[in-house]
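**Q** Below you'll find the structure I mean.
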Amino acid sequence: MRNVLLLILICYTSFVSAKEGIQTDRGPVVAIKTNIPYWATATFNAGVEFRLARKWTLELEAGLNPFSGKNDDGSYGKSLKHLRLHPELRYWFCESFYKSFIGIHVPYILYNVSDIKLLGTEGERHQGWGTGVGISYGYQWLLSKHWNLEATVGVGYLYLESDKYPCTNCGSKIEKVKKHYFGPTQAAVSFIYLF
């Protein structure tokens, strides 16, 4: 019984100390954000970032492009339909939400992409998923008490697996494609609101 009371006392003391440490630590603890260039691809996107410690944050970002590019005859035009989830752990060199940081991210994507030359899908459609890992570097500028601007770039590895179809017919699968990609995995210029 004495051990149980001692354990409760230790847990309570730890909780009170942690709570007081959070209350006395100044600065924002939560931020919401959106990546402005990502909107140019007709992708709805938003993120939330939580301060874990003075120099550590965790960002959770999502992007959704619901437009399939499917025509009435069953063929596909240009399409960048996807759902992207992008968690990232960040270490800040000064303090959270201010100046330079490095991060490690683990993106996950579901996609249905067709007829986009830059992505290597000209004349074909790829429907599948992908995941990987990457590192990033970014910088945040203070605009006002509650607003920041952030620029981020990242590189890494993605494993992509998809079914390949011709754009002219959505039902005739050509082959299953597995791809290992090394290169840019992140690019963002985000407006941020800090709480």
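By convention in this document, the chains of the structure tokens carry letters A, B, ... by their order, each chain's residues are numbered from 1, and ligands are numbered from 1 in the order they are shown.
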Please return as a PDB file with N, CA and C atoms, in the first residue's frame: the residues of region 12-187 of chain A that backbone DSSP assigns to alpha helix (DSSP H).
**A**
ATOM      1  N   TYR A  12       1.829  12.576  -9.332  1.00  0.00           N
ATOM      2  CA  TYR A  12       1.215  13.878  -9.107  1.00  0.00           C
ATOM      3  C   TYR A  12       2.265  14.980  -9.156  1.00  0.00           C
ATOM      4  N   THR A  13       3.395  14.775  -8.521  1.00  0.00           N
ATOM      5  CA  THR A  13       4.473  15.768  -8.523  1.00  0.00           C
ATOM      6  C   THR A  13       4.993  15.998  -9.936  1.00  0.00           C
ATOM      7  N   SER A  14       5.160  14.922 -10.716  1.00  0.00           N
ATOM      8  CA  SER A  14       5.621  15.046 -12.100  1.00  0.00           C
ATOM      9  C   SER A  14       4.620  15.822 -12.937  1.00  0.00           C
ATOM     10  N   PHE A  15       3.325  15.534 -12.744  1.00  0.00           N
ATOM     11  CA  PHE A  15       2.271  16.216 -13.493  1.00  0.00           C
ATOM     12  C   PHE A  15       2.259  17.708 -13.172  1.00  0.00           C
ATOM     13  N   VAL A  16       2.326  18.053 -11.895  1.00  0.00           N
ATOM     14  CA  VAL A  16       2.310  19.465 -11.490  1.00  0.00           C
ATOM     15  C   VAL A  16       3.542  20.179 -12.020  1.00  0.00           C
ATOM     16  N   SER A  17       4.705  19.546 -11.959  1.00  0.00           N
ATOM     17  CA  SER A  17       5.934  20.165 -12.461  1.00  0.00           C
ATOM     18  C   SER A  17       5.851  20.391 -13.966  1.00  0.00           C
ATOM     19  N   ALA A  18       5.351  19.398 -14.696  1.00  0.00           N
ATOM     20  CA  ALA A  18       5.223  19.535 -16.148  1.00  0.00           C
ATOM     21  C   ALA A  18       4.235  20.632 -16.494  1.00  0.00           C
ATOM     22  N   LYS A  19       3.120  20.683 -15.771  1.00  0.00           N
ATOM     23  CA  LYS A  19       2.102  21.699 -16.029  1.00  0.00           C
ATOM     24  C   LYS A  19       2.660  23.095 -15.780  1.00  0.00           C
ATOM     25  N   GLU A  20       3.382  23.269 -14.678  1.00  0.00           N
ATOM     26  CA  GLU A  20       3.973  24.571 -14.378  1.00  0.00           C
ATOM     27  C   GLU A  20       5.018  24.952 -15.412  1.00  0.00           C
ATOM     28  N   GLY A  21       5.783  23.969 -15.888  1.00  0.00           N
ATOM     29  CA  GLY A  21       6.792  24.232 -16.912  1.00  0.00           C
ATOM     30  C   GLY A  21       6.154  24.710 -18.203  1.00  0.00           C
ATOM     31  N   ILE A  22       5.024  24.138 -18.571  1.00  0.00           N
ATOM     32  CA  ILE A  22       4.330  24.564 -19.781  1.00  0.00           C
ATOM     33  C   ILE A  22       3.774  25.969 -19.602  1.00  0.00           C
ATOM     34  N   GLN A  23       3.231  26.265 -18.432  1.00  0.00           N
ATOM     35  CA  GLN A  23       2.618  27.574 -18.215  1.00  0.00           C
ATOM     36  C   GLN A  23       3.652  28.693 -18.175  1.00  0.00           C
ATOM     37  N   THR A  24       4.834  28.434 -17.644  1.00  0.00           N
ATOM     38  CA  THR A  24       5.834  29.491 -17.550  1.00  0.00           C
ATOM     39  C   THR A  24       6.627  29.650 -18.839  1.00  0.00           C
ATOM     40  N   ILE A  36       0.545  27.997 -49.643  1.00  0.00           N
ATOM     41  CA  ILE A  36      -0.031  28.810 -50.718  1.00  0.00           C
ATOM     42  C   ILE A  36       0.235  28.219 -52.114  1.00  0.00           C
ATOM     43  N   PRO A  37       1.472  27.844 -52.506  1.00  0.00           N
ATOM     44  CA  PRO A  37       1.674  27.280 -53.853  1.00  0.00           C
ATOM     45  C   PRO A  37       0.898  25.975 -54.100  1.00  0.00           C
ATOM     46  N   TYR A  38       0.636  25.204 -53.051  1.00  0.00           N
ATOM     47  CA  TYR A  38      -0.114  23.951 -53.178  1.00  0.00           C
ATOM     48  C   TYR A  38      -1.533  24.220 -53.686  1.00  0.00           C
ATOM     49  N   TRP A  39      -2.093  25.389 -53.350  1.00  0.00           N
ATOM     50  CA  TRP A  39      -3.423  25.759 -53.835  1.00  0.00           C
ATOM     51  C   TRP A  39      -3.431  25.920 -55.353  1.00  0.00           C
TER      52      TRP A  39
END
**Q** Per DSSP on the backbone, what are the strand (DSSP E) residues of region 76-174 of chain A, as a ChimeraX atom specification?
**A** /A:79-92,99-105,108-114,124-142,147-166
**Q** Using only C-alpha atoms, which of the listed residues (A:Val48, A:Ile104, A:Ala40, A:Val155) sits closest to Phe195 (chain A)?
**A**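 Of A:Val48, A:Ile104, A:Ala40, A:Val155, the one nearest Phe195 (chain A), counting only C-alpha atoms, is A:Val48.
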**Q** Considering only C-alpha atoms, can you say which of A:Ile32, A:Ile109, A:Leu149, A:Ile116 comes closest to Phe50 (chain A)?
**A**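 Nearest candidate to Phe50 (chain A) out of A:Ile32, A:Ile109, A:Leu149, A:Ile116: A:Ile32.
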**Q** Just checking: using only C-alpha atoms, which residue out of A:Ile135, A:Val30, A:His146, A:Cys167 ends up closest to Phe182 (chain A)?
**A**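 For Phe182 (chain A), the nearest of the given residues is A:Ile135.
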**Q** A:Ala42, A:Val113, A:His180, A:Ala188: which is nearest Glu61 (chain A), counting only C-alpha atoms?
**A**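 Among the listed residues, the smallest separation from Glu61 (chain A) belongs to A:Ala188.
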**Q** Pick the closest to His105 (chain A) from A:Phe44, A:Tyr193, A:Tyr157, A:Tyr139: which is it, counting only C-alpha atoms?
**A**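 Closest to His105 (chain A) of all the choices is A:Tyr157.
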**Q** So that I can check the surroundings of Lys176 (chain A), please list as an MDAnalysis selection string every protein, DNA and RNA residue that reaches within 10 Å of it, counting only C-alpha atoms and ignoring chain neighbours fewer than 3 positions away.
**A** chainID A and resid 126:128 161:165 173
**Q** With only C-alpha atoms as the basis for distance, which of A:Pro87, A:Gly47, A:Gly103, A:Gly77 is at the shortest distance from Phe191 (chain A)?
**A**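 Closest candidate: A:Gly47.
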**Q** Pick out the residues sitting within 6 Å of Ile102 (chain A), and hand them over as a list in words; count only C-alpha atoms, and ignore anything fewer than 3 positions along from it in its own chain.
**A**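 Final neighbour list, sorted by chain and number: Arg90, Tyr91, Ser136 and Tyr137 of chain A.
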**Q** Which neighbours of Thr57 (chain A) fall inside 9 Å, counting only C-alpha atoms, when residues of the same chain fewer than 6 positions from it are skipped, and could you give them as a ChimeraX atom specification?
**A** /A:29,49-51,88-92,96-97
**Q** Using only N, CA and C atoms, please write the residues we just selected to a file, as an mmCIF file, in the first residue's frame.
**A**
data_model
loop_
_atom_site.group_PDB
_atom_site.id
_atom_site.type_symbol
_atom_site.label_atom_id
_atom_site.label_comp_id
_atom_site.auth_asym_id
_atom_site.auth_seq_id
_atom_site.Cartn_x
_atom_site.Cartn_y
_atom_site.Cartn_z
ATOM 1 N N VAL A 29 1.969 27.757 -28.684
ATOM 2 C CA VAL A 29 1.999 26.307 -28.491
ATOM 3 C C VAL A 29 1.333 25.551 -29.635
ATOM 4 N N GLU A 49 0.430 22.504 -36.195
ATOM 5 C CA GLU A 49 1.745 22.225 -35.616
ATOM 6 C C GLU A 49 1.679 22.472 -34.113
ATOM 7 N N PHE A 50 2.200 21.521 -33.339
ATOM 8 C CA PHE A 50 2.160 21.577 -31.886
ATOM 9 C C PHE A 50 3.569 21.704 -31.332
ATOM 10 N N ARG A 51 3.750 22.582 -30.364
ATOM 11 C CA ARG A 51 5.031 22.666 -29.679
ATOM 12 C C ARG A 51 5.120 21.510 -28.683
ATOM 13 N N GLU A 88 5.552 15.639 -39.672
ATOM 14 C CA GLU A 88 6.961 16.017 -39.620
ATOM 15 C C GLU A 88 7.348 16.426 -38.200
ATOM 16 N N LEU A 89 8.448 15.862 -37.720
ATOM 17 C CA LEU A 89 9.041 16.244 -36.433
ATOM 18 C C LEU A 89 10.132 17.270 -36.725
ATOM 19 N N ARG A 90 10.083 18.416 -36.013
ATOM 20 C CA ARG A 90 11.008 19.510 -36.295
ATOM 21 C C ARG A 90 11.843 19.889 -35.082
ATOM 22 N N TYR A 91 13.113 20.202 -35.369
ATOM 23 C CA TYR A 91 14.015 20.751 -34.359
ATOM 24 C C TYR A 91 14.362 22.168 -34.777
ATOM 25 N N TRP A 92 14.119 23.125 -33.880
ATOM 26 C CA TRP A 92 14.342 24.543 -34.144
ATOM 27 C C TRP A 92 15.677 24.968 -33.533
ATOM 28 N N SER A 96 10.982 27.277 -30.933
ATOM 29 C CA SER A 96 9.898 26.849 -31.811
ATOM 30 C C SER A 96 9.169 28.039 -32.431
ATOM 31 N N PHE A 97 8.830 27.889 -33.705
ATOM 32 C CA PHE A 97 8.100 28.875 -34.508
ATOM 33 C C PHE A 97 8.902 30.153 -34.775
#
**Q** Write out as a PyMOL selection string which residues come within 6 Å of Val189 (chain A) when counting only C-alpha atoms, dropping same-chain ones fewer than 3 positions away.
**A** chain A and resi 35-36+150-151
